[in-house]
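Below is coords.txt, holding compact mmCIF, C-alpha atoms and all ligand atoms.
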# COMPACT_ATOMS: atom_id res chain seq x y z
CA MET A 1 78.70 88.26 115.74
CA ASN A 2 82.28 86.99 115.50
CA SER A 3 85.07 88.92 113.82
CA GLU A 4 84.83 86.75 110.67
CA SER A 5 81.30 87.81 109.92
CA GLN A 6 81.84 91.50 110.52
CA PRO A 7 82.06 93.56 107.37
CA SER A 8 85.39 95.33 107.18
CA SER A 9 84.44 98.02 104.72
CA ILE A 10 84.41 101.47 106.21
CA GLY A 11 81.07 103.27 106.07
CA PRO A 12 77.54 101.86 105.86
CA ALA A 13 77.66 98.05 105.73
CA THR A 14 74.27 97.69 104.06
CA PRO A 15 75.29 97.84 100.40
CA PHE A 16 77.71 94.97 100.94
CA ALA A 17 75.56 92.71 103.11
CA ASP A 18 74.86 90.21 100.30
CA LEU A 19 78.58 89.87 99.60
CA ASP A 20 79.43 89.56 103.29
CA ALA A 21 77.00 86.65 103.53
CA GLN A 22 79.14 84.75 101.00
CA GLY A 23 82.37 85.52 102.84
CA LEU A 24 83.29 88.30 100.40
CA ASN A 25 83.90 90.46 103.43
CA LEU A 26 86.48 93.00 102.27
CA HIS A 27 85.35 95.92 100.14
CA ALA A 28 86.86 99.19 99.02
CA VAL A 29 85.30 101.78 96.72
CA PHE A 30 87.59 104.10 94.73
CA ALA A 31 86.82 107.02 92.42
CA LEU A 32 88.11 105.72 89.09
CA ASP A 33 89.64 109.03 88.01
CA THR A 34 91.73 109.35 91.20
CA LEU A 35 93.56 106.04 90.81
CA PRO A 36 97.28 106.27 90.05
CA ASP A 37 98.16 105.90 86.36
CA GLU A 38 100.05 102.63 86.86
CA VAL A 39 96.95 101.02 88.35
CA ARG A 40 94.62 102.43 85.71
CA GLU A 41 96.90 101.12 82.97
CA THR A 42 96.36 97.55 84.19
CA LEU A 43 92.59 98.09 83.80
CA ALA A 44 93.07 98.72 80.06
CA LEU A 45 90.05 101.04 79.89
CA GLY A 46 88.67 102.18 76.56
CA ASP A 47 87.16 105.66 76.07
CA ALA A 48 83.62 104.34 76.47
CA GLU A 49 84.42 102.71 79.80
CA ARG A 50 86.20 105.81 81.05
CA THR A 51 83.07 107.90 80.55
CA ARG A 52 80.54 105.26 81.58
CA TYR A 53 81.99 104.27 84.97
CA ARG A 54 82.79 106.46 87.97
CA GLN A 55 83.83 103.96 90.60
CA LEU A 56 86.03 100.91 91.05
CA ILE A 57 84.85 98.42 93.63
CA LEU A 58 87.50 96.08 95.01
CA VAL A 59 86.17 92.94 96.67
CA GLY A 60 88.17 90.46 98.68
CA HIS A 61 87.79 87.81 101.30
CA ARG A 62 89.54 87.34 104.60
CA GLY A 63 89.30 84.26 106.78
CA ARG A 64 87.30 81.08 106.25
CA ARG A 65 83.72 82.10 105.50
CA PHE A 66 84.29 82.39 101.75
CA TRP A 67 85.64 78.84 101.49
CA THR A 68 82.71 77.51 103.53
CA ALA A 69 80.24 79.33 101.29
CA LEU A 70 81.95 77.89 98.22
CA GLN A 71 81.75 74.36 99.64
CA GLU A 72 78.05 74.87 100.42
CA ARG A 73 77.43 76.00 96.86
CA GLY A 74 79.64 73.25 95.37
CA MET A 75 82.79 73.43 93.26
CA HIS A 76 81.79 73.65 89.60
CA GLY A 77 83.67 74.22 86.37
CA ALA A 78 87.36 74.67 85.58
CA HIS A 79 87.64 77.73 87.87
CA PRO A 80 85.12 77.13 90.66
CA MET A 81 86.22 80.09 92.77
CA ASP A 82 86.07 82.61 89.95
CA GLN A 83 82.75 81.19 88.80
CA PHE A 84 81.26 81.46 92.29
CA VAL A 85 82.52 85.03 92.71
CA THR A 86 81.18 86.01 89.28
CA GLU A 87 77.74 84.68 90.26
CA CYS A 88 77.87 86.52 93.61
CA ILE A 89 78.82 89.80 91.94
CA ALA A 90 76.09 89.47 89.29
CA ALA A 91 73.46 88.72 91.96
CA TRP A 92 74.69 91.68 94.04
CA MET A 93 74.65 94.12 91.16
CA ASP A 94 71.20 92.90 90.24
CA GLY A 95 70.01 93.30 93.84
CA PRO A 96 70.89 96.36 95.93
CA LEU A 97 72.60 98.08 92.99
CA HIS A 98 70.02 97.21 90.35
CA GLY A 99 69.88 99.68 87.46
CA HIS A 100 73.55 100.70 87.56
CA ALA A 101 75.83 100.01 84.61
CA TRP A 102 78.77 97.81 85.61
CA HIS A 103 81.57 95.73 84.21
CA GLN A 104 83.62 93.06 85.97
CA VAL A 105 87.29 93.35 85.05
CA PHE A 106 88.49 90.69 87.49
CA PRO A 107 88.01 87.76 87.30
CA GLY A 108 88.53 88.41 83.61
CA GLN A 109 91.04 88.42 80.82
CA GLN A 110 93.57 91.01 81.91
CA THR A 111 96.05 91.02 84.81
CA VAL A 112 94.76 93.79 87.06
CA GLY A 113 97.24 95.14 89.65
CA LEU A 114 95.49 93.62 92.62
CA GLN A 115 98.21 94.04 95.20
CA SER A 116 98.62 97.65 94.16
CA LEU A 117 94.89 98.20 94.72
CA GLY A 118 95.27 96.42 98.06
CA ARG A 119 98.03 98.83 99.02
CA LEU A 120 95.75 101.77 98.21
CA ALA A 121 92.95 100.23 100.27
CA GLY A 122 95.32 99.66 103.21
CA TRP A 123 94.88 95.88 103.05
CA HIS A 124 98.41 95.11 101.87
CA HIS A 125 101.76 95.52 103.57
CA PRO A 126 104.70 93.76 101.99
CA SER A 127 105.74 90.56 103.75
CA PRO A 128 109.04 88.72 103.39
CA PHE A 129 107.17 85.93 101.53
CA TRP A 130 105.54 88.19 98.92
CA VAL A 131 101.88 87.67 99.90
CA GLY A 132 100.47 90.84 101.51
CA VAL A 133 99.87 91.05 105.26
CA GLN A 134 97.64 93.21 107.40
CA GLN A 135 97.67 93.42 111.17
CA ASP A 136 94.13 92.09 111.80
CA TRP A 137 93.90 89.22 109.33
CA GLY A 138 97.56 88.56 108.58
CA SER A 139 98.09 87.04 105.14
CA TRP A 140 94.79 85.15 105.21
CA PHE A 141 93.01 87.14 102.53
CA ALA A 142 92.83 87.39 98.76
CA TYR A 143 91.41 89.65 96.09
CA ARG A 144 88.31 88.18 94.51
CA ALA A 145 86.73 90.79 92.21
CA VAL A 146 87.22 94.19 90.63
CA VAL A 147 84.09 95.87 89.30
CA LEU A 148 83.70 99.17 87.45
CA ALA A 149 80.32 100.80 88.00
CA ASP A 150 78.42 104.05 87.55
CA THR A 151 77.50 103.91 91.24
CA ASP A 152 77.68 106.60 93.94
CA LEU A 153 78.73 104.41 96.84
CA PRO A 154 80.55 106.18 99.67
CA LEU A 155 84.28 106.17 98.93
CA THR A 156 86.28 104.04 101.33
CA PRO A 157 89.01 105.80 103.29
CA ARG A 158 92.33 103.98 103.35
CA LEU A 159 92.45 101.49 106.22
CA GLU A 160 95.36 102.87 108.24
CA SER A 161 97.35 100.31 110.18
CA PRO A 162 101.06 99.75 110.70
CA SER A 163 102.78 96.85 108.98
CA PRO A 164 102.87 93.92 111.42
CA CYS A 165 106.32 93.06 110.08
CA ASP A 166 107.81 96.30 111.44
CA SER A 167 107.29 95.19 115.04
CA CYS A 168 107.90 91.46 114.46
CA ARG A 169 111.28 90.94 116.08
CA ASP A 170 112.01 87.25 115.47
CA LYS A 171 110.46 87.03 111.98
CA PRO A 172 109.56 83.32 112.25
CA CYS A 173 108.51 83.29 108.59
CA ILE A 174 112.11 83.78 107.46
CA GLN A 175 113.37 80.94 109.61
CA ALA A 176 110.59 78.60 108.46
CA CYS A 177 111.37 78.76 104.74
CA PRO A 178 113.37 75.65 103.84
CA ALA A 179 114.64 77.23 100.63
CA GLY A 180 115.97 80.47 102.12
CA ALA A 181 113.81 82.35 99.63
CA LEU A 182 112.43 85.06 101.89
CA ALA A 183 113.31 88.71 101.82
CA SER A 184 115.94 89.37 104.49
CA GLU A 185 119.07 91.36 105.07
CA LEU A 186 120.92 88.49 103.41
CA THR A 187 118.77 88.02 100.31
CA GLY A 188 117.28 91.50 99.79
CA ALA A 189 113.97 90.88 98.02
CA TRP A 190 111.88 87.69 98.03
CA GLN A 191 113.51 85.20 95.65
CA LEU A 192 110.71 83.95 93.41
CA ARG A 193 112.99 81.59 91.45
CA THR A 194 114.47 80.03 94.61
CA CYS A 195 110.98 79.43 96.00
CA LEU A 196 109.64 77.94 92.78
CA ASP A 197 112.66 75.69 92.20
CA TYR A 198 112.26 74.34 95.71
CA ARG A 199 108.52 73.87 95.38
CA LYS A 200 108.98 71.87 92.19
CA GLN A 201 111.28 69.31 93.79
CA SER A 202 109.58 65.94 94.26
CA ASN A 203 110.43 65.85 98.00
CA SER A 204 109.43 69.50 98.60
CA THR A 205 107.46 70.22 101.78
CA CYS A 206 105.90 73.25 100.06
CA GLN A 207 103.83 71.68 97.30
CA ASP A 208 100.57 72.20 99.14
CA ARG A 209 101.52 74.95 101.61
CA CYS A 210 103.96 77.74 102.32
CA LEU A 211 105.75 76.98 105.58
CA ALA A 212 106.74 80.63 105.92
CA ARG A 213 103.15 81.85 105.58
CA ASN A 214 101.99 79.22 108.07
CA ALA A 215 104.64 80.34 110.55
CA CYS A 216 103.41 83.93 110.69
CA PRO A 217 101.46 84.39 113.94
CA VAL A 218 99.51 87.44 112.75
CA GLY A 219 95.79 87.03 112.07
CA ALA A 220 95.71 83.46 113.38
CA ALA A 221 91.93 83.63 113.90
CA HIS A 222 91.52 84.12 110.15
CA ARG A 223 93.84 81.35 109.05
CA TYR A 224 92.37 79.19 106.25
CA ASP A 225 91.67 75.57 107.09
CA ASP A 226 94.07 72.95 105.74
CA ALA A 227 91.78 72.00 102.85
CA GLN A 228 91.71 75.58 101.58
CA ILE A 229 95.46 76.05 102.00
CA SER A 230 96.06 72.85 100.11
CA TYR A 231 93.62 73.81 97.35
CA HIS A 232 95.37 77.15 96.69
CA TYR A 233 98.90 75.84 96.79
CA LEU A 234 98.24 72.77 94.64
CA HIS A 235 96.52 75.11 92.20
CA SER A 236 99.54 77.43 92.12
CA MET A 237 101.81 74.36 91.68
CA GLN A 238 99.95 73.61 88.43
CA ALA A 239 100.63 77.16 87.20
CA ILE A 240 104.26 76.93 88.31
CA ARG A 241 104.77 73.61 86.47
CA SER A 242 103.21 75.07 83.32
CA TYR A 243 104.89 78.49 83.23
CA TYR A 244 108.11 78.46 85.30
C1 LIG A 301 101.42 85.68 88.45
C2 LIG A 301 100.96 85.43 89.86
C3 LIG A 301 101.62 84.43 90.57
C4 LIG A 301 102.82 83.65 90.02
C5 LIG A 301 104.15 84.35 90.21
C6 LIG A 301 104.14 85.78 90.65
C7 LIG A 301 105.30 86.61 90.14
N1 LIG A 301 105.91 87.37 91.02
O1 LIG A 301 105.63 86.56 88.99
C8 LIG A 301 102.77 82.33 90.84
C9 LIG A 301 101.99 81.29 90.06
C10 LIG A 301 104.10 81.75 91.26
C11 LIG A 301 101.94 82.80 92.04
C12 LIG A 301 101.90 82.07 93.20
C13 LIG A 301 101.17 82.45 94.30
N2 LIG A 301 100.27 83.47 94.38
CO1 LIG A 301 99.99 84.74 92.96
N3 LIG A 301 99.46 85.93 91.65
C14 LIG A 301 99.90 86.16 90.44
C15 LIG A 301 99.00 87.23 89.77
C16 LIG A 301 98.01 86.47 88.88
C17 LIG A 301 99.69 88.29 88.95
C18 LIG A 301 100.80 89.12 89.68
C19 LIG A 301 101.23 90.22 88.75
O2 LIG A 301 102.14 90.05 87.95
N4 LIG A 301 100.53 91.36 88.81
C20 LIG A 301 100.77 92.43 87.89
C21 LIG A 301 101.10 93.73 88.62
C22 LIG A 301 100.95 94.93 87.69
O3 LIG A 301 100.12 93.84 89.62
P1 LIG A 301 100.46 94.51 91.05
O4 LIG A 301 99.43 94.08 92.05
O5 LIG A 301 100.64 95.96 90.92
O6 LIG A 301 101.85 93.83 91.32
C23 LIG A 301 102.64 94.32 92.27
C24 LIG A 301 102.83 93.29 93.30
O7 LIG A 301 102.71 91.98 92.73
C25 LIG A 301 104.17 93.64 93.76
N5 LIG A 301 105.05 92.54 93.99
C26 LIG A 301 105.48 91.64 93.13
N6 LIG A 301 106.35 90.85 93.73
C27 LIG A 301 106.45 91.28 94.99
C28 LIG A 301 107.24 90.84 96.02
C29 LIG A 301 107.17 91.50 97.23
C30 LIG A 301 108.04 91.03 98.35
C31 LIG A 301 106.27 92.58 97.40
C32 LIG A 301 106.17 93.27 98.69
C33 LIG A 301 105.49 93.00 96.34
C34 LIG A 301 105.62 92.34 95.15
O8 LIG A 301 104.82 94.47 92.79
C35 LIG A 301 103.99 94.58 91.69
C36 LIG A 301 104.14 95.92 91.03
O9 LIG A 301 103.74 96.99 91.91
C37 LIG A 301 98.31 87.88 91.01
C38 LIG A 301 96.91 88.40 90.75
C39 LIG A 301 96.96 89.79 90.15
N7 LIG A 301 96.14 90.00 89.16
O10 LIG A 301 97.70 90.65 90.61
C40 LIG A 301 98.31 86.73 92.03
C41 LIG A 301 98.48 87.05 93.52
C42 LIG A 301 99.59 88.06 93.68
N8 LIG A 301 98.88 85.77 94.07
C43 LIG A 301 98.39 85.53 95.23
C44 LIG A 301 98.65 84.36 95.98
C45 LIG A 301 97.89 84.22 97.30
C46 LIG A 301 99.57 83.39 95.54
C47 LIG A 301 99.92 82.08 96.23
C48 LIG A 301 100.01 82.14 97.74
C49 LIG A 301 99.03 80.91 95.83
C50 LIG A 301 97.64 81.13 96.11
N9 LIG A 301 96.92 81.48 95.08
O11 LIG A 301 97.19 80.98 97.22
C51 LIG A 301 101.27 81.72 95.58
C52 LIG A 301 102.42 82.31 96.47
C53 LIG A 301 103.76 82.33 95.84
C54 LIG A 301 104.49 81.06 96.06
N10 LIG A 301 105.17 80.90 97.18
O12 LIG A 301 104.41 80.19 95.24
C55 LIG A 301 97.50 86.65 95.70
C56 LIG A 301 98.16 87.50 96.81
C57 LIG A 301 97.13 87.91 97.85
C58 LIG A 301 97.77 88.71 98.91
N11 LIG A 301 97.28 88.53 100.14
O13 LIG A 301 98.67 89.49 98.71
C59 LIG A 301 97.20 87.42 94.35
C60 LIG A 301 97.03 88.93 94.49
C61 LIG A 301 95.93 86.76 93.77
C62 LIG A 301 94.64 87.12 94.45
N12 LIG A 301 93.54 86.86 93.77
O14 LIG A 301 94.54 87.60 95.55
N13 LIG A 301 101.26 83.94 91.79
S1 LIG A 302 106.21 86.41 110.73
FE1 LIG A 302 106.61 88.56 111.23
S2 LIG A 302 107.91 89.32 109.54
FE2 LIG A 302 106.96 87.41 108.86
S3 LIG A 302 105.09 88.08 107.76
FE3 LIG A 302 104.51 87.63 109.88
S4 LIG A 302 104.64 89.62 110.91
FE4 LIG A 302 105.79 89.82 109.00
S1 LIG A 303 106.47 78.17 99.53
FE1 LIG A 303 108.13 77.20 100.72
S2 LIG A 303 109.96 77.77 99.58
FE2 LIG A 303 108.39 79.17 98.92
S3 LIG A 303 108.52 80.97 100.27
FE3 LIG A 303 107.04 79.56 101.20
S4 LIG A 303 108.26 78.36 102.63
FE4 LIG A 303 109.70 79.29 101.20
What is this structure when it is put down as structure tokens?
Amino acid sequence: MNSESQPSSIGPATPFADLDAQGLNLHAVFALDTLPDEVRETLALGDAERTRYRQLILVGHRGRRFWTALQERGMHGAHPMDQFVTECIAAWMDGPLHGHAWHQVFPGQQTVGLQSLGRLAGWHHPSPFWVGVQQDWGSWFAYRAVVLADTDLPLTPRLESPSPCDSCRDKPCIQACPAGALASELTGAWQLRTCLDYRKQSNSTCQDRCLARNACPVGAAHRYDDAQISYHYLHSMQAIRSYY
């Protein structure tokens, strides 16, 4: 078994095996009532949901398997990734977790605080280019689903690992950004506007990739292939052209 196919959830892997098979290989189970208020607010729970559901299940992918599974299944609809994930979650809840009440909040209508959940799970450390990083899989992961359920799955302890950025002396990501948008002693925080203005230029080298993200050596074994990188960044370019 290579590291890509290993489940990364802590505790028994069995309940997540069907998701792992589709490359949805990151999972964290939280008790809903122990989540910080600022995270719960983004879930916009009504009274009925608060009493019906006990757990929040965060599902993500790291590495390439998810993209391969999506290609095997075929890209359908306006949001092929979300559609695929929604089908996987429904099949999973109808399989090993059959009989439990559940509700998928992401993908969905509201903006759930995904990076905040990732921080709680131990998947996210802040990087100078805004996308989260983790020492095993670098920045090559994303959040794919958030499910509320009346399940009794074992709660997932926080994955404890140091931020790879703390021991990264040369910080090649900062040097690789052609716009000077990254968080540094000079700029302070990551400069969203600077990045987006650069990406929108017709001669930009960042329309279908982030040179800073590509320059980070951490988690190289999990790096997406070029087609997946291009898909995500061209997709985000569409959002940037529409909203920024
Ligand atoms: C809006 C949005 C964008 C906007 C702009 C974001 C902004 N700052 O306004 C645009 C379209 C530009 C964008 C682009 C991208 N995005 Co985006 N985006 C989002 C989205 C939908 C909402 C973010 C939000 O406002 N959340 C609301 C608050 C309440 O949630 P939160 O998690 O608590 O937010 C905290 C963090 O975002 C954090 N934060 C915000 N800015 C920064 C900056 C730094 C340096 C740090 C450390 C933290 C931080 O502070 C917030 C409050 O605690 C999220 C998905 C989501 N639902 O969260 C994805 C998300 C953040 N994006 C993601 C990604 C990967 C990208 C892209 C790389 C493209 C892509 N899809 O591959 C690009 C990268 C940016 C770039 N160089 O262009 C991933 C990040 C995964 C990860 N490993 O961390 C997310 C989580 C989507 C996902 N399904 O996984 N994105
Ligand atoms: S290159 Fe270094 S500083 Fe930049 S994200 Fe990677 S580990 Fe962090
Ligand atoms: S997309 Fe380009 S401009 Fe934006 S942070 Fe990455 S390297 Fe810099």
Near region 172-183 of chain A, counting only C-alpha atoms, which residues have an atom at most 8 Å away, once you skip same-chain residues fewer than 6 positions from it, shown as a ChimeraX atom specification?
-> /A:128-129,189-192,194-195,198,210-216
Asp33 (chain A) surroundings by all atoms listed in the file, 9 Å radius, close-in-sequence under 2 positions cut, as a VMD selection string | chain A and resid 30 to 31 35 to 36 40 50 54 to 55
Just C-alpha atoms for this one: save the residues we selected as a JSON list (two decimals), in the coordinates of the input.
[["chain", "number", "residue", "atom", "x", "y", "z"],
["A", 30, "PHE", "CA", 87.59, 104.10, 94.73],
["A", 31, "ALA", "CA", 86.82, 107.02, 92.42],
["A", 35, "LEU", "CA", 93.56, 106.04, 90.81],
["A", 36, "PRO", "CA", 97.28, 106.27, 90.05],
["A", 40, "ARG", "CA", 94.62, 102.43, 85.71],
["A", 50, "ARG", "CA", 86.20, 105.81, 81.05],
["A", 54, "ARG", "CA", 82.79, 106.46, 87.97],
["A", 55, "GLN", "CA", 83.83, 103.96, 90.60]]
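Among the candidates A:Gln238, A:Thr187, A:Gln109, A:Gln134, the one nearest to Pro162 (chain A) when counting all atoms listed in the file is A:Gln134.
Among the candidates A:Arg193, A:His235, A:Arg241, A:His79, the one nearest to ligand LIG 303 (chain A) when counting only C-alpha atoms and all ligand atoms is A:Arg193.
When atom C59 of ligand LIG 301 (chain A) is paired with CA of Leu186 (chain A), their separation reads 25.4 Å.
Closest approach to ligand LIG 303 (chain A) from the set A:Tyr244, A:Trp130, A:Tyr143, A:Tyr224 is made by A:Trp130, with distances taken over only C-alpha atoms and all ligand atoms.
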Region 147-152 of chain A surroundings by all atoms listed in the file, 9 Å radius, close-in-sequence under 2 positions cut, as JSON, numbers by chain = {"A": [32, 49, 52, 53, 54, 55, 56, 57, 58, 59, 89, 97, 100, 101, 102, 103, 104, 105, 106, 145, 154, 155]}
Give the answer as one residue: which of A:Gln110, A:Phe66, A:Thr51, A:Ala44 has the shortest atom-to-atom distance to Ala21 (chain A), using all atoms listed in the file?
-> A:Phe66
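Interatomic distance, atom C62 of ligand LIG 301 (chain A) to CA of Ser163 (chain A): 19.3 Å.
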For Asn25 (chain A), the nearest of the candidates A:Arg209, A:Arg144, A:His125, A:Arg169, counting all atoms listed in the file = A:Arg144
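Interatomic distance, atom S2 of ligand LIG 302 (chain A) against CA of Pro126 (chain A): 9.3 Å.
Closest approach to ligand LIG 302 (chain A) from the set A:Ala221, A:Val85, A:Cys168, A:Val29 is made by A:Cys168, with distances taken over only C-alpha atoms and all ligand atoms.
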What's the 10 Å shell around Gly122 (chain A), counting all atoms listed in the file, without same-chain residues fewer than 4 positions away, as a VMD selection string?
-> chain A and resid 28 116 to 118 133 to 134 157 to 163
So for ligand LIG 302 (chain A), what box centre and size do we get, axis-aligned, 4 Å extra on each of the six sides, every listed atom, Å to one decimal, as lines of an AutoDock Vina configuration file?
center_x = 106.2
center_y = 88.1
center_z = 109.5
size_x = 11.4
size_y = 11.4
size_z = 11.5
Who sits within 12 Å of Pro80 (chain A), all atoms listed in the file, same chain under 3 positions skipped, as a ChimeraX atom specification = /A:67,69-71,73-77,83-87,107,231-232,235
In file coordinates, which residues lie within 8 Å of (94.6, 82.3, 107.2) using all atoms listed in the file, given as a ChimeraX atom specification?
-> /A:62-64,137-141,219-225
Start from the incomplete input, build N, CA and C atoms for region 133-155 of chain A, and deliver everything as a JSON list (two decimals), in the frame of the given file.
[["chain", "number", "residue", "atom", "x", "y", "z"],
["A", 133, "VAL", "N", 100.35, 91.29, 103.89],
["A", 133, "VAL", "CA", 99.87, 91.05, 105.26],
["A", 133, "VAL", "C", 99.22, 92.32, 105.81],
["A", 134, "GLN", "N", 98.33, 92.11, 106.74],
["A", 134, "GLN", "CA", 97.64, 93.21, 107.40],
["A", 134, "GLN", "C", 97.51, 92.83, 108.87],
["A", 135, "GLN", "N", 97.50, 93.80, 109.76],
["A", 135, "GLN", "CA", 97.67, 93.42, 111.17],
["A", 135, "GLN", "C", 96.49, 92.64, 111.76],
["A", 136, "ASP", "N", 95.28, 92.82, 111.24],
["A", 136, "ASP", "CA", 94.13, 92.09, 111.80],
["A", 136, "ASP", "C", 94.02, 90.67, 111.25],
["A", 137, "TRP", "N", 94.15, 90.54, 109.93],
["A", 137, "TRP", "CA", 93.90, 89.22, 109.33],
["A", 137, "TRP", "C", 95.17, 88.59, 108.74],
["A", 138, "GLY", "N", 96.31, 89.15, 109.05],
["A", 138, "GLY", "CA", 97.56, 88.56, 108.58],
["A", 138, "GLY", "C", 97.59, 88.42, 107.07],
["A", 139, "SER", "N", 98.03, 87.26, 106.60],
["A", 139, "SER", "CA", 98.09, 87.04, 105.14],
["A", 139, "SER", "C", 96.88, 86.26, 104.65],
["A", 140, "TRP", "N", 95.91, 86.05, 105.54],
["A", 140, "TRP", "CA", 94.79, 85.15, 105.21],
["A", 140, "TRP", "C", 93.67, 85.90, 104.50],
["A", 141, "PHE", "N", 94.01, 86.44, 103.35],
["A", 141, "PHE", "CA", 93.01, 87.14, 102.53],
["A", 141, "PHE", "C", 93.46, 87.07, 101.08],
["A", 142, "ALA", "N", 92.50, 87.34, 100.19],
["A", 142, "ALA", "CA", 92.83, 87.39, 98.76],
["A", 142, "ALA", "C", 91.85, 88.33, 98.07],
["A", 143, "TYR", "N", 92.24, 88.76, 96.91],
["A", 143, "TYR", "CA", 91.41, 89.65, 96.09],
["A", 143, "TYR", "C", 90.51, 88.76, 95.24],
["A", 144, "ARG", "N", 89.24, 89.07, 95.21],
["A", 144, "ARG", "CA", 88.31, 88.18, 94.51],
["A", 144, "ARG", "C", 87.60, 88.83, 93.33],
["A", 145, "ALA", "N", 87.41, 90.16, 93.35],
["A", 145, "ALA", "CA", 86.73, 90.79, 92.21],
["A", 145, "ALA", "C", 87.09, 92.26, 92.12],
["A", 146, "VAL", "N", 87.10, 92.75, 90.89],
["A", 146, "VAL", "CA", 87.22, 94.19, 90.63],
["A", 146, "VAL", "C", 86.10, 94.54, 89.67],
["A", 147, "VAL", "N", 85.27, 95.50, 90.08],
["A", 147, "VAL", "CA", 84.09, 95.87, 89.30],
["A", 147, "VAL", "C", 84.14, 97.37, 89.03],
["A", 148, "LEU", "N", 83.88, 97.76, 87.79],
["A", 148, "LEU", "CA", 83.70, 99.17, 87.45],
["A", 148, "LEU", "C", 82.20, 99.43, 87.41],
["A", 149, "ALA", "N", 81.77, 100.56, 87.95],
["A", 149, "ALA", "CA", 80.32, 100.80, 88.00],
["A", 149, "ALA", "C", 80.03, 102.30, 87.97],
["A", 150, "ASP", "N", 78.81, 102.63, 87.54],
["A", 150, "ASP", "CA", 78.42, 104.05, 87.55],
["A", 150, "ASP", "C", 77.67, 104.37, 88.85],
["A", 151, "THR", "N", 78.14, 103.76, 89.93],
["A", 151, "THR", "CA", 77.50, 103.91, 91.24],
["A", 151, "THR", "C", 77.97, 105.17, 91.96],
["A", 152, "ASP", "N", 77.27, 105.49, 93.07],
["A", 152, "ASP", "CA", 77.68, 106.60, 93.94],
["A", 152, "ASP", "C", 77.85, 106.09, 95.37],
["A", 153, "LEU", "N", 78.50, 104.96, 95.49],
["A", 153, "LEU", "CA", 78.73, 104.41, 96.84],
["A", 153, "LEU", "C", 79.69, 105.32, 97.60],
["A", 154, "PRO", "N", 79.58, 105.36, 98.92],
["A", 154, "PRO", "CA", 80.55, 106.18, 99.67],
["A", 154, "PRO", "C", 81.97, 105.66, 99.41],
["A", 155, "LEU", "N", 82.90, 106.59, 99.16],
["A", 155, "LEU", "CA", 84.28, 106.17, 98.93],
["A", 155, "LEU", "C", 84.86, 105.66, 100.24]]
